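Below: upload-v1.tsv (TSV, C-alpha atoms)
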chain	number	residue	atom	x	y	z
A	1	MET	CA	107.70	108.30	-0.10
A	2	ARG	CA	104.63	107.62	-2.23
A	3	ARG	CA	103.69	104.80	-4.61
A	4	ARG	CA	102.18	105.97	-7.87
A	5	LEU	CA	100.62	103.83	-10.54
A	6	LEU	CA	101.30	105.68	-13.78
A	7	ALA	CA	99.45	104.55	-16.86
A	8	LEU	CA	99.55	105.97	-20.37
A	9	ILE	CA	100.29	109.57	-19.37
A	10	CYS	CA	102.62	110.92	-16.66
A	11	VAL	CA	101.28	114.11	-15.14
A	12	THR	CA	103.48	115.94	-12.60
A	13	GLY	CA	104.29	119.46	-11.46
A	14	SER	CA	107.96	118.66	-11.12
A	15	LEU	CA	110.80	119.84	-13.32
A	16	VAL	CA	111.93	116.28	-14.08
A	17	SER	CA	109.67	113.24	-14.05
A	18	ALA	CA	109.47	109.75	-15.48
A	19	CYS	CA	106.69	107.25	-16.07
A	20	GLY	CA	106.62	104.86	-13.16
A	21	LEU	CA	106.10	101.48	-14.84
A	22	LEU	CA	108.95	99.10	-15.47
A	23	PRO	CA	108.86	96.67	-18.39
A	24	GLY	CA	106.55	93.85	-17.42
A	25	GLY	CA	104.23	96.12	-15.42
A	26	HIS	CA	106.20	96.40	-12.20
A	27	GLU	CA	105.61	99.60	-10.29
A	28	ARG	CA	108.43	102.04	-9.53
A	29	GLN	CA	108.80	103.70	-6.15
A	30	THR	CA	108.78	107.50	-6.43
A	31	VAL	CA	111.35	109.55	-4.54
A	32	THR	CA	110.35	113.19	-4.13
A	33	VAL	CA	113.30	115.58	-4.09
A	34	TRP	CA	113.17	119.29	-3.28
A	35	LEU	CA	116.00	121.30	-4.83
A	36	MET	CA	116.46	125.05	-4.77
A	37	LYS	CA	116.02	127.30	-7.77
A	38	ASP	CA	119.23	127.78	-9.81
A	39	SER	CA	121.24	125.26	-7.78
A	40	ALA	CA	121.41	122.98	-10.82
A	41	SER	CA	120.52	123.51	-14.45
A	42	LYS	CA	117.56	121.80	-16.08
A	43	GLU	CA	119.93	119.92	-18.38
A	44	PHE	CA	121.99	118.62	-15.43
A	45	LEU	CA	118.87	117.37	-13.67
A	46	GLN	CA	117.68	115.63	-16.80
A	47	ARG	CA	121.02	113.84	-17.20
A	48	PHE	CA	121.11	112.87	-13.53
A	49	THR	CA	117.53	111.59	-13.55
A	50	GLU	CA	118.09	109.41	-16.62
A	51	ASP	CA	121.25	107.92	-15.14
A	52	PHE	CA	119.76	107.37	-11.68
A	53	GLU	CA	116.60	105.70	-12.95
A	54	HIS	CA	118.67	103.52	-15.27
A	55	THR	CA	120.85	102.29	-12.40
A	56	HIS	CA	117.99	102.09	-9.87
A	57	ARG	CA	115.34	100.22	-11.82
A	58	ASP	CA	112.82	100.23	-8.96
A	59	LEU	CA	112.95	103.99	-8.32
A	60	SER	CA	111.54	107.05	-10.06
A	61	LEU	CA	112.54	110.66	-9.32
A	62	ASP	CA	110.13	113.54	-8.81
A	63	ILE	CA	112.33	116.64	-8.57
A	64	ARG	CA	110.53	119.77	-7.46
A	65	ILE	CA	112.18	123.18	-7.60
A	66	GLN	CA	111.73	125.52	-4.63
A	67	GLU	CA	112.18	129.26	-4.16
A	68	TRP	CA	114.54	130.50	-1.43
A	69	THR	CA	111.99	133.06	-0.29
A	70	GLY	CA	109.94	131.52	2.50
A	71	ILE	CA	111.77	128.19	2.32
A	72	VAL	CA	112.50	127.88	6.06
A	73	GLU	CA	108.86	127.72	7.07
A	74	LYS	CA	108.02	125.50	4.09
A	75	VAL	CA	110.70	122.98	5.04
A	76	ARG	CA	109.70	123.09	8.68
A	77	GLY	CA	106.14	122.34	7.69
A	78	ALA	CA	107.21	119.47	5.45
A	79	ILE	CA	109.38	117.73	8.04
A	80	GLU	CA	106.61	117.97	10.65
A	81	ASP	CA	103.92	116.58	8.31
A	82	ASP	CA	103.26	112.87	8.82
A	83	SER	CA	100.80	112.48	5.94
A	84	GLY	CA	103.39	110.74	3.75
A	85	ASP	CA	103.05	113.34	0.98
A	86	GLY	CA	106.18	115.35	1.78
A	87	PRO	CA	109.65	115.31	0.21
A	88	ASP	CA	112.08	112.48	0.82
A	89	VAL	CA	115.24	114.49	0.13
A	90	ILE	CA	115.63	118.24	0.64
A	91	GLU	CA	118.39	120.66	-0.36
A	92	VAL	CA	119.03	123.16	2.44
A	93	GLY	CA	121.55	125.93	2.96
A	94	ASN	CA	124.53	124.55	4.87
A	95	THR	CA	123.99	126.90	7.82
A	96	GLN	CA	120.26	126.04	7.93
A	97	VAL	CA	120.77	122.41	8.91
A	98	PRO	CA	120.70	123.12	12.69
A	99	LEU	CA	117.26	124.73	12.27
A	100	TYR	CA	115.82	121.51	10.90
A	101	ALA	CA	117.82	118.99	12.93
A	102	ASP	CA	116.54	120.54	16.15
A	103	GLY	CA	113.78	118.31	17.51
A	104	GLY	CA	114.84	115.08	15.81
A	105	ARG	CA	113.08	115.69	12.51
A	106	LEU	CA	115.98	114.58	10.26
A	107	VAL	CA	117.48	111.14	9.62
A	108	ASP	CA	120.87	110.50	11.21
A	109	LEU	CA	123.16	109.67	8.26
A	110	THR	CA	126.35	109.15	10.25
A	111	LEU	CA	126.73	105.48	9.34
A	112	GLU	CA	126.35	106.09	5.60
A	113	SER	CA	128.71	109.06	5.84
A	114	MET	CA	131.46	107.01	7.42
A	115	ARG	CA	130.92	103.76	5.52
A	116	ASP	CA	130.06	104.93	2.01
A	117	TRP	CA	130.53	108.67	1.52
A	118	ASP	CA	134.13	109.48	2.56
A	119	LYS	CA	133.12	112.05	5.16
A	120	GLU	CA	136.74	112.65	6.17
A	121	LYS	CA	137.28	114.32	2.78
A	122	TRP	CA	134.33	116.72	2.95
A	123	LEU	CA	134.82	120.47	2.99
A	124	PRO	CA	134.67	121.51	6.66
A	125	GLY	CA	132.48	124.54	5.95
A	126	LEU	CA	129.76	122.23	4.60
A	127	ALA	CA	130.25	119.26	6.90
A	128	GLN	CA	130.39	120.98	10.28
A	129	PRO	CA	127.02	122.79	10.10
A	130	GLY	CA	125.46	119.46	9.14
A	131	LYS	CA	126.42	117.89	12.47
A	132	ASP	CA	124.75	117.89	15.84
A	133	GLY	CA	127.15	116.45	18.34
A	134	ASN	CA	128.41	113.22	16.79
A	135	LYS	CA	125.47	112.83	14.42
A	136	GLN	CA	125.64	113.84	10.76
A	137	TYR	CA	122.35	115.09	9.35
A	138	GLY	CA	123.42	117.31	6.44
A	139	ILE	CA	125.40	115.75	3.59
A	140	PRO	CA	127.59	118.27	1.69
A	141	TRP	CA	126.55	118.85	-1.92
A	142	TYR	CA	128.35	121.93	-3.27
A	143	ALA	CA	130.13	125.01	-1.98
A	144	ALA	CA	130.75	128.60	-2.96
A	145	ASN	CA	132.86	131.18	-1.19
A	146	ARG	CA	134.46	134.56	-1.64
A	147	VAL	CA	137.65	135.24	-3.54
A	148	VAL	CA	139.33	138.45	-4.64
A	149	ILE	CA	138.19	139.65	-8.07
A	150	TYR	CA	140.76	142.06	-9.46
A	151	ARG	CA	141.62	144.22	-12.45
A	152	LYS	CA	144.63	142.71	-14.19
A	153	ASP	CA	145.35	145.93	-16.06
A	154	LEU	CA	145.39	148.05	-12.90
A	155	PHE	CA	147.70	145.56	-11.20
A	156	GLU	CA	150.05	145.75	-14.17
A	157	GLN	CA	150.00	149.54	-14.17
A	158	ALA	CA	150.94	149.50	-10.48
A	159	GLY	CA	153.88	147.19	-11.17
A	160	ILE	CA	152.29	144.19	-9.45
A	161	THR	CA	153.28	141.11	-11.43
A	162	SER	CA	151.42	138.43	-9.49
A	163	PRO	CA	148.59	138.31	-6.95
A	164	PRO	CA	149.63	138.56	-3.28
A	165	LYS	CA	149.74	135.40	-1.17
A	166	THR	CA	150.05	136.89	2.31
A	167	ARG	CA	148.06	139.50	4.16
A	168	ASP	CA	151.06	141.79	4.48
A	169	ALA	CA	151.73	141.66	0.74
A	170	TRP	CA	148.03	142.22	0.08
A	171	LEU	CA	148.01	145.39	2.16
A	172	ALA	CA	151.18	146.66	0.47
A	173	ASP	CA	149.81	145.97	-3.03
A	174	THR	CA	146.44	147.50	-2.21
A	175	GLU	CA	148.13	150.65	-0.97
A	176	LYS	CA	149.92	150.94	-4.34
A	177	LEU	CA	146.64	150.46	-6.17
A	178	ASP	CA	144.86	153.09	-4.08
A	179	SER	CA	146.09	156.05	-6.13
A	180	GLY	CA	145.51	157.98	-9.29
A	181	GLY	CA	141.79	158.23	-8.71
A	182	ASN	CA	141.42	154.45	-8.29
A	183	GLN	CA	140.28	152.65	-5.16
A	184	GLY	CA	142.75	150.01	-4.04
A	185	ILE	CA	139.80	147.89	-2.94
A	186	TYR	CA	136.09	148.47	-2.57
A	187	LEU	CA	135.13	146.94	0.77
A	188	ALA	CA	131.86	147.93	2.39
A	189	GLY	CA	132.03	148.58	6.12
A	190	GLN	CA	129.48	145.93	7.08
A	191	ASP	CA	130.74	142.96	5.05
A	192	TRP	CA	130.69	140.72	8.11
A	193	TYR	CA	131.21	137.48	6.18
A	194	THR	CA	134.61	138.78	5.06
A	195	LEU	CA	135.39	139.96	8.58
A	196	SER	CA	134.54	136.48	9.87
A	197	GLY	CA	137.30	135.00	7.74
A	198	PHE	CA	139.88	137.41	9.16
A	199	ILE	CA	138.75	136.59	12.70
A	200	TRP	CA	138.99	132.84	12.06
A	201	ASP	CA	142.43	133.28	10.54
A	202	GLU	CA	143.58	134.85	13.80
A	203	GLY	CA	142.22	131.93	15.80
A	204	GLY	CA	139.09	133.74	16.96
A	205	ASP	CA	135.36	133.11	16.60
A	206	LEU	CA	132.11	135.01	16.36
A	207	ALA	CA	130.79	132.95	19.26
A	208	ARG	CA	131.80	129.85	21.18
A	209	GLU	CA	129.94	127.21	23.16
A	210	LYS	CA	130.96	126.51	26.72
A	211	ASP	CA	129.05	124.28	29.13
A	212	HIS	CA	126.18	124.06	26.61
A	213	GLU	CA	125.82	127.85	26.45
A	214	TRP	CA	126.84	130.08	23.57
A	215	GLN	CA	128.68	133.34	24.16
A	216	GLY	CA	129.67	136.09	21.76
A	217	THR	CA	133.46	136.36	21.44
A	218	LEU	CA	134.13	139.42	19.30
A	219	ASP	CA	135.95	140.95	22.27
A	220	ALA	CA	138.57	138.18	22.42
A	221	PRO	CA	142.11	139.31	21.42
A	222	ALA	CA	142.15	137.15	18.29
A	223	ALA	CA	138.81	138.55	17.08
A	224	LEU	CA	140.01	142.09	17.70
A	225	ARG	CA	143.10	141.40	15.58
A	226	GLY	CA	140.82	140.27	12.76
A	227	MET	CA	138.82	143.51	13.01
A	228	GLU	CA	142.02	145.55	12.97
A	229	PHE	CA	143.12	143.93	9.72
A	230	TYR	CA	139.68	144.59	8.25
A	231	ARG	CA	139.95	148.25	9.28
A	232	ARG	CA	143.33	148.67	7.61
A	233	LEU	CA	142.20	147.01	4.39
A	234	GLN	CA	138.87	148.81	4.21
A	235	ALA	CA	140.61	152.19	4.53
A	236	LEU	CA	142.38	151.62	1.18
A	237	GLY	CA	139.22	152.38	-0.77
A	238	GLY	CA	135.98	154.29	-0.66
A	239	GLY	CA	133.56	151.68	0.59
A	240	PRO	CA	130.77	153.09	2.81
A	241	VAL	CA	131.34	152.32	6.49
A	242	ASP	CA	127.63	152.16	7.31
A	243	ALA	CA	126.40	149.75	4.63
A	244	ASP	CA	127.00	146.21	3.43
A	245	GLU	CA	128.20	144.93	0.05
A	246	GLU	CA	124.69	145.04	-1.44
A	247	HIS	CA	124.00	148.72	-0.64
A	248	PRO	CA	124.93	149.70	-3.26
A	249	PRO	CA	125.58	146.40	-5.07
A	250	GLN	CA	129.34	146.15	-5.32
A	251	ALA	CA	129.22	144.65	-8.83
A	252	GLY	CA	127.95	147.98	-10.11
A	253	VAL	CA	130.61	149.93	-8.23
A	254	PHE	CA	133.35	147.70	-9.62
A	255	ALA	CA	131.93	147.99	-13.14
A	256	GLY	CA	132.34	151.76	-12.86
A	257	GLY	CA	136.01	151.32	-13.69
A	258	LYS	CA	137.76	152.95	-10.74
A	259	VAL	CA	138.14	149.93	-8.44
A	260	ALA	CA	141.09	147.53	-8.43
A	261	GLN	CA	139.62	144.76	-6.23
A	262	ILE	CA	136.50	143.47	-4.53
A	263	ILE	CA	135.87	140.40	-2.35
A	264	ALA	CA	133.02	138.34	-3.78
A	265	VAL	CA	132.03	134.98	-5.24
A	266	PRO	CA	133.52	134.54	-8.74
A	267	GLY	CA	130.10	134.43	-10.36
A	268	LEU	CA	129.73	138.15	-9.68
A	269	ALA	CA	132.18	138.74	-12.52
A	270	GLN	CA	129.39	137.94	-14.98
A	271	SER	CA	127.31	140.80	-13.62
A	272	ILE	CA	130.31	143.12	-13.75
A	273	VAL	CA	130.97	142.35	-17.41
A	274	ARG	CA	127.30	142.75	-18.31
A	275	GLN	CA	127.42	146.25	-16.87
A	276	ASN	CA	130.81	147.06	-18.38
A	277	PRO	CA	131.68	144.84	-21.38
A	278	GLY	CA	135.06	146.59	-21.62
A	279	LEU	CA	136.21	144.61	-18.58
A	280	LYS	CA	135.61	141.23	-20.21
A	281	ASP	CA	139.28	140.23	-20.53
A	282	LYS	CA	140.60	142.32	-17.66
A	283	LEU	CA	139.31	140.41	-14.64
A	284	GLY	CA	141.30	137.92	-12.60
A	285	PHE	CA	140.76	135.94	-9.40
A	286	PHE	CA	142.88	134.87	-6.46
A	287	PRO	CA	142.14	133.33	-3.05
A	288	VAL	CA	141.80	135.67	-0.09
A	289	PRO	CA	145.39	135.74	1.20
A	290	GLY	CA	146.25	134.17	4.52
A	291	ARG	CA	148.75	135.07	7.21
A	292	THR	CA	151.42	132.94	5.51
A	293	ALA	CA	152.07	132.16	1.86
A	294	GLY	CA	151.52	128.43	2.30
A	295	ARG	CA	147.88	128.68	3.31
A	296	PRO	CA	145.06	130.79	1.80
A	297	GLY	CA	142.93	132.79	4.18
A	298	THR	CA	139.99	131.24	5.97
A	299	VAL	CA	136.70	132.13	4.32
A	300	PHE	CA	133.02	131.73	5.05
A	301	THR	CA	131.81	128.76	3.04
A	302	GLY	CA	128.29	128.94	1.71
A	303	GLY	CA	126.55	126.24	-0.23
A	304	SER	CA	124.08	123.44	0.23
A	305	ASP	CA	123.66	120.17	2.08
A	306	LEU	CA	121.13	117.43	1.40
A	307	VAL	CA	118.97	116.11	4.25
A	308	VAL	CA	116.47	113.28	4.62
A	309	PRO	CA	113.35	114.00	6.72
A	310	GLU	CA	112.57	111.52	9.48
A	311	ASN	CA	109.02	111.19	8.08
A	312	THR	CA	110.13	109.66	4.78
A	313	GLU	CA	108.45	106.32	4.12
A	314	ASP	CA	111.55	104.78	2.50
A	315	GLN	CA	114.82	105.89	4.03
A	316	PHE	CA	116.82	103.45	1.89
A	317	ALA	CA	115.59	104.97	-1.37
A	318	ALA	CA	116.09	108.52	-0.09
A	319	THR	CA	119.68	107.83	0.92
A	320	ALA	CA	120.30	106.26	-2.50
A	321	VAL	CA	119.45	109.63	-4.08
A	322	VAL	CA	121.65	111.52	-1.62
A	323	GLY	CA	124.53	109.14	-2.25
A	324	ALA	CA	124.23	109.54	-6.01
A	325	LEU	CA	123.92	113.35	-6.05
A	326	THR	CA	126.83	113.83	-3.64
A	327	GLY	CA	129.04	111.08	-5.05
A	328	ALA	CA	132.16	111.88	-7.04
A	329	LYS	CA	130.61	111.38	-10.49
A	330	TRP	CA	127.65	113.73	-10.21
A	331	ASP	CA	129.14	116.14	-7.71
A	332	THR	CA	132.03	116.76	-10.11
A	333	GLU	CA	129.61	117.14	-13.00
A	334	LEU	CA	127.57	119.68	-11.02
A	335	ALA	CA	130.67	121.67	-10.09
A	336	ARG	CA	131.79	121.87	-13.71
A	337	THR	CA	128.33	122.73	-14.98
A	338	MET	CA	127.53	125.42	-12.38
A	339	ASN	CA	131.04	126.66	-11.46
A	340	TYR	CA	130.78	125.39	-7.88
A	341	VAL	CA	133.35	123.91	-5.56
A	342	PRO	CA	132.87	120.13	-5.23
A	343	ASN	CA	132.02	118.76	-1.80
A	344	LYS	CA	135.37	117.03	-1.21
A	345	THR	CA	138.86	118.48	-1.11
A	346	THR	CA	140.03	115.57	-3.25
A	347	LEU	CA	137.78	116.71	-6.12
A	348	ALA	CA	139.23	120.23	-6.38
A	349	GLY	CA	141.25	119.21	-9.43
A	350	ALA	CA	138.02	118.82	-11.37
A	351	VAL	CA	137.62	122.62	-11.50
A	352	ALA	CA	141.30	123.55	-11.74
A	353	GLY	CA	140.90	124.77	-15.31
A	354	GLU	CA	138.54	127.59	-14.33
A	355	GLU	CA	140.46	130.44	-12.67
A	356	GLY	CA	137.66	131.76	-10.50
A	357	VAL	CA	136.48	128.36	-9.32
A	358	ALA	CA	140.04	127.19	-8.69
A	359	ALA	CA	140.60	130.24	-6.46
A	360	MET	CA	137.34	129.45	-4.69
A	361	ALA	CA	138.33	125.81	-4.16
A	362	ALA	CA	141.66	126.82	-2.62
A	363	GLY	CA	139.84	128.92	-0.05
A	364	ALA	CA	137.10	126.36	0.54
A	365	ALA	CA	139.65	123.85	1.78
A	366	HIS	CA	139.98	126.09	4.85
A	367	GLY	CA	136.39	127.28	4.93
A	368	ARG	CA	134.21	127.73	7.99
A	369	ALA	CA	130.56	128.37	8.69
A	370	THR	CA	128.65	130.41	11.23
A	371	PRO	CA	128.19	129.00	14.78
A	372	ASN	CA	126.36	125.68	14.68
A	373	THR	CA	123.25	126.58	16.63
A	374	PRO	CA	119.60	127.08	15.57
A	375	GLN	CA	119.63	130.47	17.30
A	376	TRP	CA	122.22	131.92	14.93
A	377	ALA	CA	119.35	133.00	12.68
A	378	ASP	CA	118.27	135.33	15.51
A	379	VAL	CA	121.71	136.97	15.48
A	380	GLU	CA	121.50	137.65	11.76
A	381	ALA	CA	117.94	138.99	12.03
A	382	ASP	CA	119.19	142.12	13.81
A	383	ASN	CA	122.89	141.72	13.21
A	384	PRO	CA	124.99	143.39	15.93
A	385	ILE	CA	128.20	142.55	14.05
A	386	LYS	CA	127.32	145.09	11.36
A	387	GLU	CA	126.71	147.83	13.92
A	388	TYR	CA	129.99	146.94	15.65
A	389	MET	CA	131.93	147.21	12.40
A	390	THR	CA	130.47	150.59	11.52
A	391	ARG	CA	131.22	152.02	14.96
A	392	VAL	CA	134.84	150.86	14.82
A	393	LEU	CA	135.35	152.17	11.29
A	394	LYS	CA	134.00	155.55	12.42
A	395	GLY	CA	136.65	155.69	15.13
A	396	ALA	CA	135.03	154.17	18.23
A	397	ASP	CA	137.13	152.08	20.61
A	398	PRO	CA	137.20	148.52	19.19
A	399	ALA	CA	137.36	146.74	22.55
A	400	THR	CA	134.39	148.66	23.95
A	401	GLU	CA	132.28	148.09	20.86
A	402	ALA	CA	133.29	144.44	20.68
A	403	ARG	CA	132.09	143.87	24.24
A	404	ARG	CA	128.80	145.54	23.41
A	405	ALA	CA	128.30	143.39	20.30
A	406	SER	CA	129.35	140.22	22.11
A	407	ARG	CA	126.72	140.79	24.79
A	408	LYS	CA	124.04	141.15	22.10
A	409	ILE	CA	125.20	137.94	20.40
A	410	THR	CA	125.10	136.09	23.72
A	411	GLU	CA	121.55	137.32	24.36
A	412	ALA	CA	120.41	136.28	20.88
A	413	LEU	CA	121.93	132.82	21.26
A	414	ALA	CA	120.21	132.10	24.57
A	415	PRO	CA	117.74	129.22	24.09
A	416	ASP	CA	114.08	130.21	23.92
A	417	VAL	CA	112.54	128.57	26.97
A	418	GLY	CA	109.20	130.28	26.63

This structure in structure tokens:
Amino acid sequence: MRRRLLALICVTGSLVSACGLLPGGHERQTVTVWLMKDSASKEFLQRFTEDFEHTHRDLSLDIRIQEWTGIVEKVRGAIEDDSGDGPDVIEVGNTQVPLYADGGRLVDLTLESMRDWDKEKWLPGLAQPGKDGNKQYGIPWYAANRVVIYRKDLFEQAGITSPPKTRDAWLADTEKLDSGGNQGIYLAGQDWYTLSGFIWDEGGDLAREKDHEWQGTLDAPAALRGMEFYRRLQALGGGPVDADEEHPPQAGVFAGGKVAQIIAVPGLAQSIVRQNPGLKDKLGFFPVPGRTAGRPGTVFTGGSDLVVPENTEDQFAATAVVGALTGAKWDTELARTMNYVPNKTTLAGAVAGEEGVAAMAAGAAHGRATPNTPQWADVEADNPIKEYMTRVLKGADPATEARRASRKITEALAPDVG
């Protein structure tokens, strides 16, 4: 937190700024906020800033936009800097919170979460990664997750009148669609985020903590059932078994016109239509089906949390910004503006009019995140789950390969005591 005396001209490198003098010459306190590029539009931030500064007459916002590339080291440097010139509020990826909470560098916001912010209503996939034990460090802001993007015309041609709501129906429909030169679904062999959802739906996990030690659990029966479902679904299309969804980018494959379904965030539809304008009115969305019709499938929930560094000079002002951005008014406005899922299950109705976002919100209610440990980044750096998936899809024994991958996950999750 920094005090700035602003005179006739306000000079700042931020996206949104305001002169810091109140009528009568009183000085405003400046709250520096780091937000990620493209998380919110310039117009949204302008509206929020005007409203916040109007309702908090002693505070001024300095919002600075950050690039995702290199952000981990930049945030680490900021939260370890005690000069008083760092940010007071930071947007971080939901699964990144454990990286920054490790070592006590973030403010514990448990009290505010329970007293003021309705934490019991938060999306679990955003809330859980923000916790360390019983302490809440990351405050959910917005979510995004995968849904099924499908060709309405190809469904109609196959005699499918409505999207499937169970896994069994999904497999049966996809088998019908996988004919006549069309792929029933394009699913790359190493789409491990999608696999994670199938594993969670079966009651399994990628890894579990026992006696303060993390162990890979891909070889557990539930996780193996999730991989078996993935194998059956992936076989109903021509997705490469040795690549992920970005190699080649699946939007381009879908735009080619011979694919009935993909699993992706709804926003990918914009890229598809840009590449093939003929598909503009032919795309639909539905939640990833679950084991039963009454509950959509579990999905990996991505998105962002807001954190307050321990080195802020005014925790009260910083938490005021967090409370405003994540509160119902502005969180709903952000979701509508950017086609996100709001941070609370009770706000899902705010995006019900948008088909893709509504499908996303239905899945987000049962969303999960990767294991809540700082070492998970080491797993993803040389991801053994991808190798495991490729080996199984090429015909290797699933149990053997799952044990191999689980051992590698366990090794990666071992604390660095060096």

Rank A:Pro87, A:Gly184, A:Pro415, A:Pro342 by their smallest atom-to-atom distance to Thr301 (chain A), using all atoms listed in the file, and report the top residue only.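 Comparing A:Pro87, A:Gly184, A:Pro415, A:Pro342 against Thr301 (chain A), the winner is A:Pro342.
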
Which residue of A:Asp116, A:Asp173, A:Asp191, A:Glu156 approaches Pro249 (chain A) most closely, using only C-alpha atoms: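 For Pro249 (chain A), the nearest of the candidates is A:Asp191.
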
I want to know what sits within 12 Å of region 98-102 of chain A, based on all atoms listed in the file, with residues of the same chain fewer than 2 positions away left out; could you give that as a PyMOL selection string? chain A and resi 71-80+90-96+104-109+127-133+135-138+305-310+369-378+415

Name the residues within 7 Å of (146.2, 153.3, 1.4), counting all atoms listed in the file in the file's coordinates, and put them as a PyMOL selection string. chain A and resi 174-175+178+235-236

So, with all atoms listed in the file as the atoms that count, which of A:Phe316, A:Trp117, A:Tyr150, A:Tyr388 lies closest to Val288 (chain A)? A:Tyr150

Option closest in space to Ala320 (chain A), from A:Thr55, A:Glu246, A:Asp82, A:Asp38 [counting all atoms listed in the file]: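 Using all atoms listed in the file, Ala320 (chain A) sits closest to A:Thr55.
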
Name all residues at most 12 Å from Ala40 (chain A) (count all atoms listed in the file; drop same-chain ones fewer than 5 positions away) and give them as an mmCIF file with C-alpha atoms, in the coordinates of the input.
data_model
loop_
_atom_site.group_PDB
_atom_site.id
_atom_site.type_symbol
_atom_site.label_atom_id
_atom_site.label_comp_id
_atom_site.auth_asym_id
_atom_site.auth_seq_id
_atom_site.Cartn_x
_atom_site.Cartn_y
_atom_site.Cartn_z
ATOM 1 C CA LEU A 15 110.800 119.840 -13.320
ATOM 2 C CA TRP A 34 113.170 119.290 -3.280
ATOM 3 C CA LEU A 35 116.000 121.300 -4.830
ATOM 4 C CA LEU A 45 118.870 117.370 -13.670
ATOM 5 C CA GLN A 46 117.680 115.630 -16.800
ATOM 6 C CA ARG A 47 121.020 113.840 -17.200
ATOM 7 C CA PHE A 48 121.110 112.870 -13.530
ATOM 8 C CA ILE A 63 112.330 116.640 -8.570
ATOM 9 C CA ARG A 64 110.530 119.770 -7.460
ATOM 10 C CA ILE A 65 112.180 123.180 -7.600
ATOM 11 C CA GLN A 66 111.730 125.520 -4.630
ATOM 12 C CA GLU A 91 118.390 120.660 -0.360
ATOM 13 C CA TRP A 141 126.550 118.850 -1.920
ATOM 14 C CA TYR A 142 128.350 121.930 -3.270
ATOM 15 C CA SER A 304 124.080 123.440 0.230
ATOM 16 C CA LEU A 325 123.920 113.350 -6.050
ATOM 17 C CA TRP A 330 127.650 113.730 -10.210
ATOM 18 C CA ASP A 331 129.140 116.140 -7.710
ATOM 19 C CA GLU A 333 129.610 117.140 -13.000
ATOM 20 C CA LEU A 334 127.570 119.680 -11.020
ATOM 21 C CA ALA A 335 130.670 121.670 -10.090
ATOM 22 C CA ARG A 336 131.790 121.870 -13.710
ATOM 23 C CA THR A 337 128.330 122.730 -14.980
ATOM 24 C CA MET A 338 127.530 125.420 -12.380
ATOM 25 C CA ASN A 339 131.040 126.660 -11.460
ATOM 26 C CA TYR A 340 130.780 125.390 -7.880
#

What gap, in Å, lies between CA of Ser162 (chain A) and CA of Leu268 (chain A)? 21.7 Å

Calculated over only C-alpha atoms, which of the candidates A:Leu123, A:Lys408, A:Ala220, A:Gly189 has the smallest distance to Ala143 (chain A)?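 Among the listed residues, the smallest separation from Ala143 (chain A) belongs to A:Leu123.
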
Asn145 (chain A): which residues within 6 Å, counting only C-alpha atoms, same-chain residues fewer than 2 positions away excluded, as a VMD selection string? chain A and resid 265 301 to 302 360

Using only C-alpha atoms, which residues sit within 9 Å of Ser406 (chain A) once same-chain residues fewer than 4 positions away are excluded, as a list of chain:residue names?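 Near neighbours after the sequence-gap exclusion: A:Leu206, A:Ala207, A:Gln215, A:Gly216, A:Thr217, A:Leu218, A:Asp219, A:Pro384, A:Ile385, A:Glu401, A:Ala402, A:Thr410, A:Glu411.
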
Dump C-alpha atoms for the selected residues as a CSV table (one decimal), in the coordinates of the input?
chain,number,residue,atom,x,y,z
A,206,LEU,CA,132.1,135.0,16.4
A,207,ALA,CA,130.8,133.0,19.3
A,215,GLN,CA,128.7,133.3,24.2
A,216,GLY,CA,129.7,136.1,21.8
A,217,THR,CA,133.5,136.4,21.4
A,218,LEU,CA,134.1,139.4,19.3
A,219,ASP,CA,136.0,141.0,22.3
A,384,PRO,CA,125.0,143.4,15.9
A,385,ILE,CA,128.2,142.6,14.0
A,401,GLU,CA,132.3,148.1,20.9
A,402,ALA,CA,133.3,144.4,20.7
A,410,THR,CA,125.1,136.1,23.7
A,411,GLU,CA,121.6,137.3,24.4
